[in-house]
Amino acid sequence: MRIVIVGAGFGGIAAAIELRNHGFKDITILEAADDFGGTWHHNTYPGAACDVPSHAYSFSYAQRRNWPKLCPEQPEILDYLHGVAREFGVADLIVTGARVSSCTWTEPGWRVETEDGRTFEGDALILATGQLHQPLYPPIPGREEFAGHSFHSAQWDHDYDLTGKRVAVIGTGASAVQFVPEIAPKVAKLVVYQRSGNWFLPRKNRPYPGWLRTLNARLPGFQRVRRALMFANLETLTIMIRHPKLLGPIGRLRSTLFMRSQLPDRELRRKVWPNYTFGCKRILFSSYFLPALGRPNVELVTSAVTAIEKSGPVSADGQVREVDCIIYGTGFRTNDFMFPMEVTGVDGVSLRKKWEHGAHAHLGMTVPGFPSMFVLYGPNTNTSGGSIIFYLERQARYLRQALSLVRDSGSAAIDVRPEVEEASDRTVQSRFEGTAWTRCDSWYRNGEGRIIANWPGYMGEYAKATEQLDPSEFSLLPRSEVREARDVSVTSA
């Protein structure tokens with residue numbers, strides 16, 4: 001069986017390892033960038049790190065006992081992923097500089113084309129492009145007219161020296177929260193434009209003390225126990241989001257006490273404070289961002305950016321703040337998933353058209369009419385309080401079961417039944433009712449208000465749902481029928 005994987009981040013690497021370990025040999029991983037690593041290859045801004053502890057943000061079968069801190073930083077995560085790919089023999093499967101433009105079902109398989117004209121054939125297709133790989137630039141009038149320097153946080157310009165410069169940061173999401181404290185001491189003036197406040201929880205992320213490093217390295221089972229306790233702790237955040245009236249106030253109180261301790265200035269506290277339910281948007285972890293806003297050279301602006309002139313941003317109050325550089329900390333086009341690549345299934349059906357009212361897939365992975373195609377980190381598989389690596393590992397195991405069923409049965413492909421996917425989607429959407437996720441607008445939702453990013457439950461529930469593939473939920477396409485269908489289409493043409 002020929003398998004084509006698009007994307008060489010954590011998802012693509014996880015799928016390749018799982019498949020290799022179960023006898024699948026003909027695997028090609030296509031990566032658009034000049035090296036692999038996905039999010040952690042592209043996001044190199046100062047302070048880039050993970051919010052999830054290292055022993056949870058790593059594969060269960062590739063634990064490391066030498067992490068220097070609780071939450072790994074970008075170079076450490078990238079080094080880990082590269083090491084795992086080499087250790088499990090999948091690094092040599094990666095073709096870099098191969099940006100995919102289209103994936104087309106051409107019975108009995110997939111034809112994958114890259115922008116530079118190369119074509120790859122596969123019996124199965126795995127789309128591991130994720131949700132956080134396409135930088136989002138806000139549609140602000142005049143953005144191209146700015147006379148100074150500008151870049152997105154996910155495309156950090158390390159050749160541009162910020163020392164002594166007047167800098168504007170547009171956005172106060174997870175990326176800005178990490179790089180603002182890093183650049184604030186270096187710049188002459190820093191203007192931070194905030195659209196809405198965030199709920200914060202602490203994260204100092206200091207290096208591990210020697211005694212803890214010794215226990216990690218020498219005590220058998222210690223890391224495993226820490227990992228289990230951490231997963232239980234992460235699930236408590238989800239339970240507060242799922243029950244905003246009963247348990248949400250506990251998280252809100254903890255966040256309130258922490259934020260008040262970090263913001264002694266009442267006026268700054270008023271400007272920073274979020275006006276929505278705890279957990280509705282991504283909860284941010286930082287012990288340094290809020291104090292950075294109180295620095296004498298930092299100004300927080302809560303008036304929306306309405307335009308950009310040659311000299312700098314224009315806020316809704318009409319004020320122009322002159323700056324030398326604008327950094328866009330405005331996140332990613334999360335709702336686009338693998339687009340703008342074209343994905344075409346049976347009978348020429350476009351995935352873009354199928355998802356025009358919001359992306360949906362059975363368990364976030366399979367879509368009817370797109371045989372032997374699997375989406376990793378797909379619709380409704382994001383997590384507000386857990387580890388995406390946990391989800392990706394389970395998804396890799398699930399799709400491996402599906403492709404093993406195809407291989408062992410002598411079939412050509414596997415396709416989820418439409419009624420199964422529809423029921424699955426209804427169940428997922430119904431579970432958001434009454435949760436904090438529904439109580440404001442966020443990047444978890446599309447323009448129609450549908451939540452398409454997050455899983456509505458707990459990591460344990462997703463693990464149970466994907467533990468064992470149910471063959472009755474799928475149709476197997478026999479090789480003979482596929483060939484006959486192809487011959488008919490050729491004859492009709």
# chains A, B, ... in the order shown; residues from 1 in each chain; ligands from 1
>>> residues_around(residues="Gly37 in chain A", least_positions_apart="5", cutoff="9 Å", atoms="only C-alpha atoms", output="number ranges by chain")
A: 7-10, 13, 42, 77-79, 81-82
>>> closest_atom_pairs(of="range 154-246 of chain A", to="range 361-384 of chain A", cutoff="12 Å", atoms="only C-alpha atoms", output="Markdown table")
| residue | atom | partner | partner_atom | distance |
| --- | --- | --- | --- | --- |
| A:Leu234 | CA | A:Ser384 | CA | 9.2 |
| A:Glu235 | CA | A:Ser384 | CA | 9.5 |
| A:Thr236 | CA | A:Ser384 | CA | 10.9 |
| A:Leu237 | CA | A:Ser384 | CA | 7.8 |
| A:Thr238 | CA | A:Ser384 | CA | 6.8 |
| A:Ile239 | CA | A:Ser384 | CA | 10.5 |
| A:Met240 | CA | A:Ser384 | CA | 10.7 |
| A:Ile241 | CA | A:Ser384 | CA | 8.5 |
| A:Arg242 | CA | A:Ser384 | CA | 10.6 |
>>> residues_around(residues="Phe231 in chain A", least_positions_apart="5", cutoff="10 Å", atoms="only C-alpha atoms", output="ChimeraX atom specification")
/A:52-53,55-56,226,236,385-387,390,459-460
>>> write_last_selection(atoms="N, CA and C atoms", output="mmCIF file, in the first residue's frame")
data_model
loop_
_atom_site.group_PDB
_atom_site.id
_atom_site.type_symbol
_atom_site.label_atom_id
_atom_site.label_comp_id
_atom_site.auth_asym_id
_atom_site.auth_seq_id
_atom_site.Cartn_x
_atom_site.Cartn_y
_atom_site.Cartn_z
ATOM 1 N N VAL A 52 2.065 23.352 27.504
ATOM 2 C CA VAL A 52 1.829 22.041 28.103
ATOM 3 C C VAL A 52 3.154 21.455 28.597
ATOM 4 N N PRO A 53 3.209 20.892 29.788
ATOM 5 C CA PRO A 53 4.446 20.304 30.320
ATOM 6 C C PRO A 53 5.038 19.259 29.378
ATOM 7 N N HIS A 55 6.460 16.352 29.698
ATOM 8 C CA HIS A 55 6.157 14.934 29.796
ATOM 9 C C HIS A 55 4.756 14.613 29.287
ATOM 10 N N ALA A 56 3.944 15.656 29.025
ATOM 11 C CA ALA A 56 2.651 15.459 28.375
ATOM 12 C C ALA A 56 2.731 15.844 26.896
ATOM 13 N N ARG A 226 4.483 11.104 37.007
ATOM 14 C CA ARG A 226 4.322 12.543 36.769
ATOM 15 C C ARG A 226 3.434 12.787 35.557
ATOM 16 N N THR A 236 -8.763 18.822 34.552
ATOM 17 C CA THR A 236 -9.530 19.696 35.437
ATOM 18 C C THR A 236 -9.851 21.020 34.766
ATOM 19 N N GLY A 385 -7.455 22.320 27.099
ATOM 20 C CA GLY A 385 -6.766 22.080 28.354
ATOM 21 C C GLY A 385 -5.847 20.880 28.360
ATOM 22 N N GLY A 386 -5.617 20.267 27.214
ATOM 23 C CA GLY A 386 -4.809 19.056 27.184
ATOM 24 C C GLY A 386 -3.647 19.142 26.224
ATOM 25 N N SER A 387 -3.159 17.987 25.813
ATOM 26 C CA SER A 387 -2.015 17.894 24.918
ATOM 27 C C SER A 387 -2.460 17.406 23.548
ATOM 28 N N PHE A 390 -1.234 13.943 22.534
ATOM 29 C CA PHE A 390 -2.055 12.829 22.984
ATOM 30 C C PHE A 390 -3.092 12.490 21.913
ATOM 31 N N MET A 459 -9.821 14.357 27.224
ATOM 32 C CA MET A 459 -8.845 13.545 26.503
ATOM 33 C C MET A 459 -9.169 12.061 26.646
ATOM 34 N N GLY A 460 -9.556 11.663 27.845
ATOM 35 C CA GLY A 460 -9.892 10.260 28.083
ATOM 36 C C GLY A 460 -11.043 9.784 27.229
#
>>> atom_distance(atom1="CA of Phe151 in chain A", atom2="CA of Gly318 in chain A")
23.8 Å
>>> select_by_dssp(residues="range 26-199 of chain A", states="strand (DSSP E)", output="PyMOL selection string")
chain A and resi 26-30+94-95+100-106+109-114+119-122+124-127+149-152+166-170+189-193
>>> write_last_selection(atoms="N, CA and C atoms", output="CSV table (one decimal), in the first residue's frame")
chain,number,residue,atom,x,y,z
A,26,ASP,N,5.8,1.6,2.2
A,26,ASP,CA,5.8,2.6,1.1
A,26,ASP,C,5.1,3.9,1.6
A,27,ILE,N,5.9,4.7,2.3
A,27,ILE,CA,5.3,6.0,2.9
A,27,ILE,C,6.2,7.2,2.4
A,28,THR,N,5.5,8.2,1.9
A,28,THR,CA,6.1,9.4,1.5
A,28,THR,C,5.5,10.6,2.3
A,29,ILE,N,6.4,11.4,2.9
A,29,ILE,CA,5.9,12.5,3.7
A,29,ILE,C,6.3,13.8,2.9
A,30,LEU,N,5.3,14.6,2.5
A,30,LEU,CA,5.6,15.8,1.8
A,30,LEU,C,5.5,17.0,2.7
A,94,ILE,N,10.9,11.9,4.4
A,94,ILE,CA,10.4,13.2,4.2
A,94,ILE,C,11.0,13.9,3.0
A,95,VAL,N,10.1,14.5,2.2
A,95,VAL,CA,10.5,15.2,1.0
A,95,VAL,C,10.2,16.7,1.3
A,100,VAL,N,2.1,21.1,-1.4
A,100,VAL,CA,1.0,20.5,-2.1
A,100,VAL,C,0.0,21.5,-2.6
A,101,SER,N,-0.4,21.4,-3.8
A,101,SER,CA,-1.4,22.3,-4.4
A,101,SER,C,-2.8,21.6,-4.5
A,102,SER,N,-2.8,20.2,-4.7
A,102,SER,CA,-4.0,19.5,-4.9
A,102,SER,C,-3.9,18.1,-4.6
A,103,CYS,N,-5.0,17.5,-4.1
A,103,CYS,CA,-5.1,16.1,-3.8
A,103,CYS,C,-6.4,15.6,-4.5
A,104,THR,N,-6.3,14.6,-5.4
A,104,THR,CA,-7.5,14.2,-6.2
A,104,THR,C,-7.7,12.7,-6.1
A,105,TRP,N,-8.9,12.3,-5.8
A,105,TRP,CA,-9.2,10.9,-5.8
A,105,TRP,C,-9.4,10.5,-7.2
A,106,THR,N,-8.5,9.6,-7.7
A,106,THR,CA,-8.6,9.1,-9.1
A,106,THR,C,-8.7,7.6,-9.0
A,109,GLY,N,-7.2,5.4,-6.2
A,109,GLY,CA,-6.2,6.0,-5.3
A,109,GLY,C,-6.2,7.5,-5.4
A,110,TRP,N,-5.1,8.1,-4.8
A,110,TRP,CA,-5.0,9.5,-4.7
A,110,TRP,C,-3.8,10.0,-5.6
A,111,ARG,N,-4.1,11.1,-6.3
A,111,ARG,CA,-3.0,11.8,-7.0
A,111,ARG,C,-2.7,13.1,-6.3
A,112,VAL,N,-1.5,13.3,-5.8
A,112,VAL,CA,-1.1,14.5,-5.1
A,112,VAL,C,-0.1,15.3,-5.9
A,113,GLU,N,-0.4,16.5,-6.1
A,113,GLU,CA,0.4,17.4,-7.0
A,113,GLU,C,1.0,18.5,-6.1
A,114,THR,N,2.2,18.9,-6.4
A,114,THR,CA,2.9,20.0,-5.7
A,114,THR,C,2.9,21.2,-6.6
A,119,THR,N,4.3,15.0,-9.1
A,119,THR,CA,3.1,14.2,-8.8
A,119,THR,C,3.5,13.0,-8.0
A,120,PHE,N,2.6,12.7,-7.0
A,120,PHE,CA,2.8,11.5,-6.1
A,120,PHE,C,1.5,10.7,-6.1
A,121,GLU,N,1.6,9.4,-6.2
A,121,GLU,CA,0.5,8.6,-6.2
A,121,GLU,C,0.4,7.8,-4.9
A,122,GLY,N,-0.8,7.7,-4.4
A,122,GLY,CA,-1.0,7.0,-3.1
A,122,GLY,C,-2.3,6.2,-3.1
A,124,ALA,N,-3.6,5.7,-0.1
A,124,ALA,CA,-4.2,6.4,1.0
A,124,ALA,C,-3.5,7.7,1.2
A,125,LEU,N,-4.3,8.7,1.7
A,125,LEU,CA,-3.9,10.0,1.9
A,125,LEU,C,-4.1,10.5,3.3
A,126,ILE,N,-3.0,11.0,4.0
A,126,ILE,CA,-3.1,11.5,5.3
A,126,ILE,C,-2.8,13.0,5.3
A,127,LEU,N,-3.7,13.8,5.7
A,127,LEU,CA,-3.5,15.3,5.7
A,127,LEU,C,-3.1,15.7,7.1
A,149,HIS,N,9.2,48.8,9.0
A,149,HIS,CA,9.4,47.4,8.9
A,149,HIS,C,8.2,46.6,9.5
A,150,SER,N,7.8,45.5,9.0
A,150,SER,CA,6.7,44.7,9.6
A,150,SER,C,6.9,43.2,9.3
A,151,PHE,N,6.4,42.4,10.2
A,151,PHE,CA,6.4,40.9,10.0
A,151,PHE,C,5.4,40.3,11.0
A,152,HIS,N,5.1,39.0,10.7
A,152,HIS,CA,4.2,38.3,11.5
A,152,HIS,C,5.0,37.5,12.5
A,166,ARG,N,11.0,51.9,18.0
A,166,ARG,CA,9.6,52.1,18.4
A,166,ARG,C,8.8,51.0,17.7
A,167,VAL,N,8.2,50.2,18.5
A,167,VAL,CA,7.6,49.0,18.0
A,167,VAL,C,6.1,48.9,18.4
A,168,ALA,N,5.2,48.5,17.4
A,168,ALA,CA,3.8,48.3,17.7
A,168,ALA,C,3.6,46.8,17.6
A,169,VAL,N,2.9,46.2,18.5
A,169,VAL,CA,2.4,44.8,18.5
A,169,VAL,C,0.9,44.8,18.4
A,170,ILE,N,0.4,44.2,17.3
A,170,ILE,CA,-1.0,44.1,17.1
A,170,ILE,C,-1.4,42.7,17.5
A,189,LYS,N,10.3,52.1,22.7
A,189,LYS,CA,8.8,52.2,23.0
A,189,LYS,C,8.1,51.1,22.4
A,190,LEU,N,7.2,50.5,23.2
A,190,LEU,CA,6.4,49.4,22.7
A,190,LEU,C,4.9,49.7,22.9
A,191,VAL,N,4.2,49.7,21.8
A,191,VAL,CA,2.7,49.9,21.9
A,191,VAL,C,2.0,48.6,21.6
A,192,VAL,N,1.3,48.1,22.5
A,192,VAL,CA,0.6,46.8,22.4
A,192,VAL,C,-0.9,47.1,22.2
A,193,TYR,N,-1.4,46.7,21.0
A,193,TYR,CA,-2.9,46.8,20.7
A,193,TYR,C,-3.6,45.6,21.1
>>> residues_around(residues="Ser175 in chain A", least_positions_apart="5", cutoff="12 Å", atoms="only C-alpha atoms", output="MDAnalysis selection string")
chainID A and resid 39 43:51 74 132 135 152:156 169:170 180:182 282 284:286 289 327:332
